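One structure is given here, and the rest of the page talks about it.
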Amino acid sequence: MEKLISIGRPVAGLVLAAGESRRMGCPKLLLPWHGDTILGCTLANAIAGGINPLTVVCGAHAAQVAAQAKTKGLPCLFNEGYAQGQSASLICGLKAAPPGYGLMFILGDMPAVSPQSYKSLAVAYAKSDALIVAPINAEGRRGNPTVWAPQLFPEIARLFGDSGARGLLDKYREETLFLPLTEQGLYIDIDTPEDYEGKLCGC
């Protein structure tokens, strides 16, 4: 596993993989993707990008998701409140960050994010004093994953619902480093059969 050189603030990774895949109609993270699964490819790319430690949060389909994490040598946290939405997974996963580490929130259904993009986001966070680091494309669209400083963990712990931390991104826009990255995979997740069947960039 490649490790990032310690040049500043360290980053741990949290892979959000607790969803019920209602729009897909089946466990989307377990679907085949470029010789692996959607989740497997997401995990492999984050590992190759030097994100360490890396933890998976499971909920729905917990046994299968945990098995995927195990194949990559990664720990898995069970989110008992997964039906309450993404915020519950963020709160469950806060414990995955060692003291002083920022957390990179990684969506399990974004297998086309390259190792280089993971590394670029982590290095940008390490070199800055931003509270949040988020990718942005030429059209001004925010992408994923995002990196969060530990100063924001108390507010994350008070979130609720399925909107995740988007409200905090708006609240702390002035303290956010928007990193220009053009890679298509940073802006595309897989929610529906049409998304899955579409031609996305590989991993």
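In the structure tokens, each chain is lettered A, B, ... as it comes, each chain's residues begin at 1, and ligands are numbered from 1 in order of appearance.
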- Query: Can you list, as JSON, numbers by chain, every residue of segment 28-203 of chain A that DSSP puts in alpha helix (DSSP H)?
  - Reply: {"A": [38, 39, 40, 41, 42, 43, 44, 45, 46, 47, 48, 62, 63, 64, 65, 66, 67, 68, 69, 70, 71, 86, 87, 88, 89, 90, 91, 92, 93, 115, 116, 117, 118, 119, 120, 121, 122, 123, 124, 125, 126, 127, 153, 154, 155, 156, 166, 167, 168, 169, 170, 171, 193, 194, 195, 196, 197]}
- Query: So which residues of segment 122-189 of chain A fall under strand (DSSP E) by DSSP, listed as a PyMOL selection string?
  - Reply: chain A and resi 132-136+146-148+176-180
- Message: Excluding Glu175 of chain A and its own-chain neighbours fewer than 4 positions away, which residues fall within 12 Å of it when counting only C-alpha atoms? Please give them as a list in words.
- Response: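 That gives Tyr125, Ser128, Asp129, Ala130, Leu131, Ile132, Val133, Ala134, Trp148, Ala149, Gln151, Leu152, Leu168, Leu169, Asp170 and Lys171 of chain A.
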- Item | Point-to-point distance from atom CA of Leu39 of chain A to atom CA of Ala69 of chain A, Å rounded to tenths |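 Going from atom CA of Leu39 of chain A over to atom CA of Ala69 of chain A, I get 8.5 Å.
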Could you build a table of the residues in segment 70-140 of chain A lying no more than 9 Å from segment 41-65 of chain A, giving for each the nearest pair of atoms and their separation in Å rounded to one decimal place, using only C-alpha atoms, ordered by chain and ascending residue number, as a tab-separated table?
```
residue	atom	partner	partner_atom	distance
A:Lys70	CA	A:Val65	CA	8.7
A:Lys72	CA	A:Ala44	CA	7.3
A:Leu74	CA	A:Thr55	CA	6.1
A:Pro75	CA	A:Thr55	CA	5.4
A:Cys76	CA	A:Val56	CA	4.7
A:Leu77	CA	A:Val57	CA	4.8
A:Phe78	CA	A:Cys58	CA	5.0
A:Asn79	CA	A:Gly59	CA	5.1
A:Glu80	CA	A:Gly59	CA	6.5
A:Gly81	CA	A:Gly59	CA	7.7
A:Tyr82	CA	A:Gly59	CA	5.3
A:Ala83	CA	A:Ala60	CA	8.0
A:Ser89	CA	A:Val57	CA	6.4
A:Leu90	CA	A:Val57	CA	8.5
A:Cys92	CA	A:Val57	CA	7.6
A:Gly93	CA	A:Val57	CA	6.5
A:Ala96	CA	A:Thr55	CA	6.5
A:Ala97	CA	A:Pro53	CA	8.0
A:Pro98	CA	A:Pro53	CA	8.6
A:Met104	CA	A:Ile51	CA	8.4
A:Ile106	CA	A:Thr42	CA	8.5
A:Leu107	CA	A:Thr42	CA	8.2
A:Gly108	CA	A:Thr42	CA	6.1
A:Asp109	CA	A:Thr42	CA	7.2
A:Met110	CA	A:Thr42	CA	6.2
A:Pro111	CA	A:Thr42	CA	4.2
A:Ala112	CA	A:Thr42	CA	7.2
A:Val113	CA	A:Asn45	CA	7.1
A:Ser114	CA	A:Asn45	CA	5.9
A:Pro115	CA	A:Gly49	CA	3.9
A:Gln116	CA	A:Gly49	CA	5.8
A:Ser117	CA	A:Gly49	CA	7.4
A:Tyr118	CA	A:Gly49	CA	5.2
A:Lys119	CA	A:Gly49	CA	4.9
A:Ser120	CA	A:Gly49	CA	8.5
A:Ala122	CA	A:Ile51	CA	7.7
```
Restricted to C-alpha atoms, what would the selected residues look like written as an mmCIF file, in the first residue's frame?
```cif
data_model
loop_
_atom_site.group_PDB
_atom_site.id
_atom_site.type_symbol
_atom_site.label_atom_id
_atom_site.label_comp_id
_atom_site.auth_asym_id
_atom_site.auth_seq_id
_atom_site.Cartn_x
_atom_site.Cartn_y
_atom_site.Cartn_z
ATOM 1 C CA LYS A 70 -12.268 -7.840 4.385
ATOM 2 C CA LYS A 72 -9.052 -5.449 0.980
ATOM 3 C CA LEU A 74 -10.089 -3.044 5.840
ATOM 4 C CA PRO A 75 -12.158 -2.726 9.025
ATOM 5 C CA CYS A 76 -15.924 -2.245 8.824
ATOM 6 C CA LEU A 77 -18.195 -0.324 11.214
ATOM 7 C CA PHE A 78 -21.890 -1.219 11.378
ATOM 8 C CA ASN A 79 -24.270 1.741 11.324
ATOM 9 C CA GLU A 80 -27.372 0.611 13.177
ATOM 10 C CA GLY A 81 -29.234 3.737 12.046
ATOM 11 C CA TYR A 82 -28.509 3.312 8.329
ATOM 12 C CA ALA A 83 -32.190 3.714 7.437
ATOM 13 C CA SER A 89 -23.117 6.927 8.645
ATOM 14 C CA LEU A 90 -21.018 10.072 9.008
ATOM 15 C CA CYS A 92 -20.957 6.431 13.080
ATOM 16 C CA GLY A 93 -17.683 6.849 11.236
ATOM 17 C CA ALA A 96 -12.499 6.095 12.479
ATOM 18 C CA ALA A 97 -10.278 9.181 12.599
ATOM 19 C CA PRO A 98 -7.249 8.913 14.887
ATOM 20 C CA MET A 104 -12.060 12.034 3.853
ATOM 21 C CA ILE A 106 -15.718 8.659 0.295
ATOM 22 C CA LEU A 107 -18.935 7.516 -1.388
ATOM 23 C CA GLY A 108 -18.867 3.766 -1.980
ATOM 24 C CA ASP A 109 -20.646 4.122 -5.319
ATOM 25 C CA MET A 110 -17.953 6.239 -7.004
ATOM 26 C CA PRO A 111 -15.566 3.612 -8.413
ATOM 27 C CA ALA A 112 -14.197 5.875 -11.142
ATOM 28 C CA VAL A 113 -12.298 8.228 -8.822
ATOM 29 C CA SER A 114 -8.638 7.585 -9.571
ATOM 30 C CA PRO A 115 -5.864 7.016 -7.024
ATOM 31 C CA GLN A 116 -4.271 10.273 -8.153
ATOM 32 C CA SER A 117 -7.398 12.252 -7.273
ATOM 33 C CA TYR A 118 -7.460 10.752 -3.782
ATOM 34 C CA LYS A 119 -3.827 11.674 -3.343
ATOM 35 C CA SER A 120 -4.343 15.204 -4.705
ATOM 36 C CA ALA A 122 -5.222 14.518 0.731
#
```
- Message: I'd like to know which of A:Ala165, A:Ile136, A:Leu94, A:Val147 is closest to Thr182 of chain A, using only C-alpha atoms.
- Response: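 Checking each of A:Ala165, A:Ile136, A:Leu94, A:Val147 against Thr182 of chain A, counting only C-alpha atoms, the winner is A:Ile136.
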- Task: Point out the residue among A:Ser87, A:Thr176, A:Thr71, A:Thr192 with the least atom-to-atom distance to Gly40 of chain A, counting only C-alpha atoms.
- Result: A:Thr71
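Once Gly164 of chain A and its same-chain neighbours fewer than 6 positions away are set aside, Leu16, Gln84, Gly85, Gln86, Ser87, Ala88, Ser89, Leu90, Ile91, Phe105, Ile106, Leu107, Thr146, Glu155, Ile156, Ala157 and Arg158 of chain A remain within 12 Å of it when counting only C-alpha atoms.
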Since we have the selection now, will you write its residues out, keeping C-alpha atoms, as a PDB file, in the first residue's frame?
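Final output, part30.pdb:
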```pdb
ATOM      1  CA  LEU A  16     -19.882   5.306   3.117  1.00  0.00           C
ATOM      2  CA  GLN A  84     -32.050   7.270   8.819  1.00  0.00           C
ATOM      3  CA  GLY A  85     -29.852   8.437   5.950  1.00  0.00           C
ATOM      4  CA  GLN A  86     -26.270   9.327   5.163  1.00  0.00           C
ATOM      5  CA  SER A  87     -25.795  11.555   8.201  1.00  0.00           C
ATOM      6  CA  ALA A  88     -26.043   8.526  10.483  1.00  0.00           C
ATOM      7  CA  SER A  89     -23.117   6.927   8.645  1.00  0.00           C
ATOM      8  CA  LEU A  90     -21.018  10.072   9.008  1.00  0.00           C
ATOM      9  CA  ILE A  91     -21.666  10.153  12.734  1.00  0.00           C
ATOM     10  CA  PHE A 105     -15.695  11.121   3.197  1.00  0.00           C
ATOM     11  CA  ILE A 106     -15.718   8.659   0.295  1.00  0.00           C
ATOM     12  CA  LEU A 107     -18.935   7.516  -1.388  1.00  0.00           C
ATOM     13  CA  THR A 146     -14.313  15.705   0.421  1.00  0.00           C
ATOM     14  CA  GLU A 155     -21.075  19.761  14.106  1.00  0.00           C
ATOM     15  CA  ILE A 156     -21.047  16.634  11.960  1.00  0.00           C
ATOM     16  CA  ALA A 157     -22.098  14.672  15.044  1.00  0.00           C
ATOM     17  CA  ARG A 158     -25.281  16.765  15.202  1.00  0.00           C
TER      18      ARG A 158
END
```
- Message: Set the distance at 12 Å and use only C-alpha atoms: which residues neighbour Gly140 of chain A once local chain neighbours fewer than 2 positions away are removed? I'd like the list as a list in words.
- Response: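 Result of the neighbour search: Ala134, Pro135, Ile136, Asn137, Ala138, Arg142, Gly143, Phe178, Leu179, Pro180, Leu181, Thr182 and Tyr187 of chain A.
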Now that the selection is made, can you save its residues with N, CA and C atoms as a compact mmCIF listing (two decimals), in the first residue's frame?
```txt
# COMPACT_ATOMS: atom_id res chain seq x y z
N ALA A 134 -12.60 20.27 -1.14
CA ALA A 134 -13.57 19.64 -2.03
C ALA A 134 -13.14 19.84 -3.48
N PRO A 135 -13.32 18.82 -4.34
CA PRO A 135 -13.00 19.01 -5.76
C PRO A 135 -14.07 19.86 -6.43
N ILE A 136 -13.66 20.58 -7.45
CA ILE A 136 -14.60 21.40 -8.22
C ILE A 136 -14.16 21.37 -9.67
N ASN A 137 -15.14 21.32 -10.59
CA ASN A 137 -14.78 21.29 -12.01
C ASN A 137 -14.91 22.68 -12.63
N ALA A 138 -14.65 22.76 -13.93
CA ALA A 138 -14.62 24.05 -14.60
C ALA A 138 -15.97 24.74 -14.62
N ARG A 142 -19.38 20.97 -7.48
CA ARG A 142 -18.63 20.30 -6.43
C ARG A 142 -18.73 18.79 -6.62
N GLY A 143 -17.62 18.11 -6.31
CA GLY A 143 -17.59 16.66 -6.45
C GLY A 143 -17.29 15.98 -5.13
N PHE A 178 -11.51 24.81 -2.55
CA PHE A 178 -12.07 24.13 -3.71
C PHE A 178 -10.92 23.83 -4.67
N LEU A 179 -10.62 22.54 -4.80
CA LEU A 179 -9.48 22.10 -5.59
C LEU A 179 -9.92 21.81 -7.02
N PRO A 180 -9.41 22.55 -8.01
CA PRO A 180 -9.81 22.30 -9.39
C PRO A 180 -9.31 20.94 -9.88
N LEU A 181 -10.23 20.03 -10.15
CA LEU A 181 -9.91 18.71 -10.67
C LEU A 181 -10.91 18.37 -11.77
N THR A 182 -10.41 17.93 -12.90
CA THR A 182 -11.28 17.73 -14.06
C THR A 182 -11.72 16.29 -14.24
N TYR A 187 -17.36 13.39 -10.19
CA TYR A 187 -18.65 14.07 -10.27
C TYR A 187 -19.79 13.12 -10.67
```
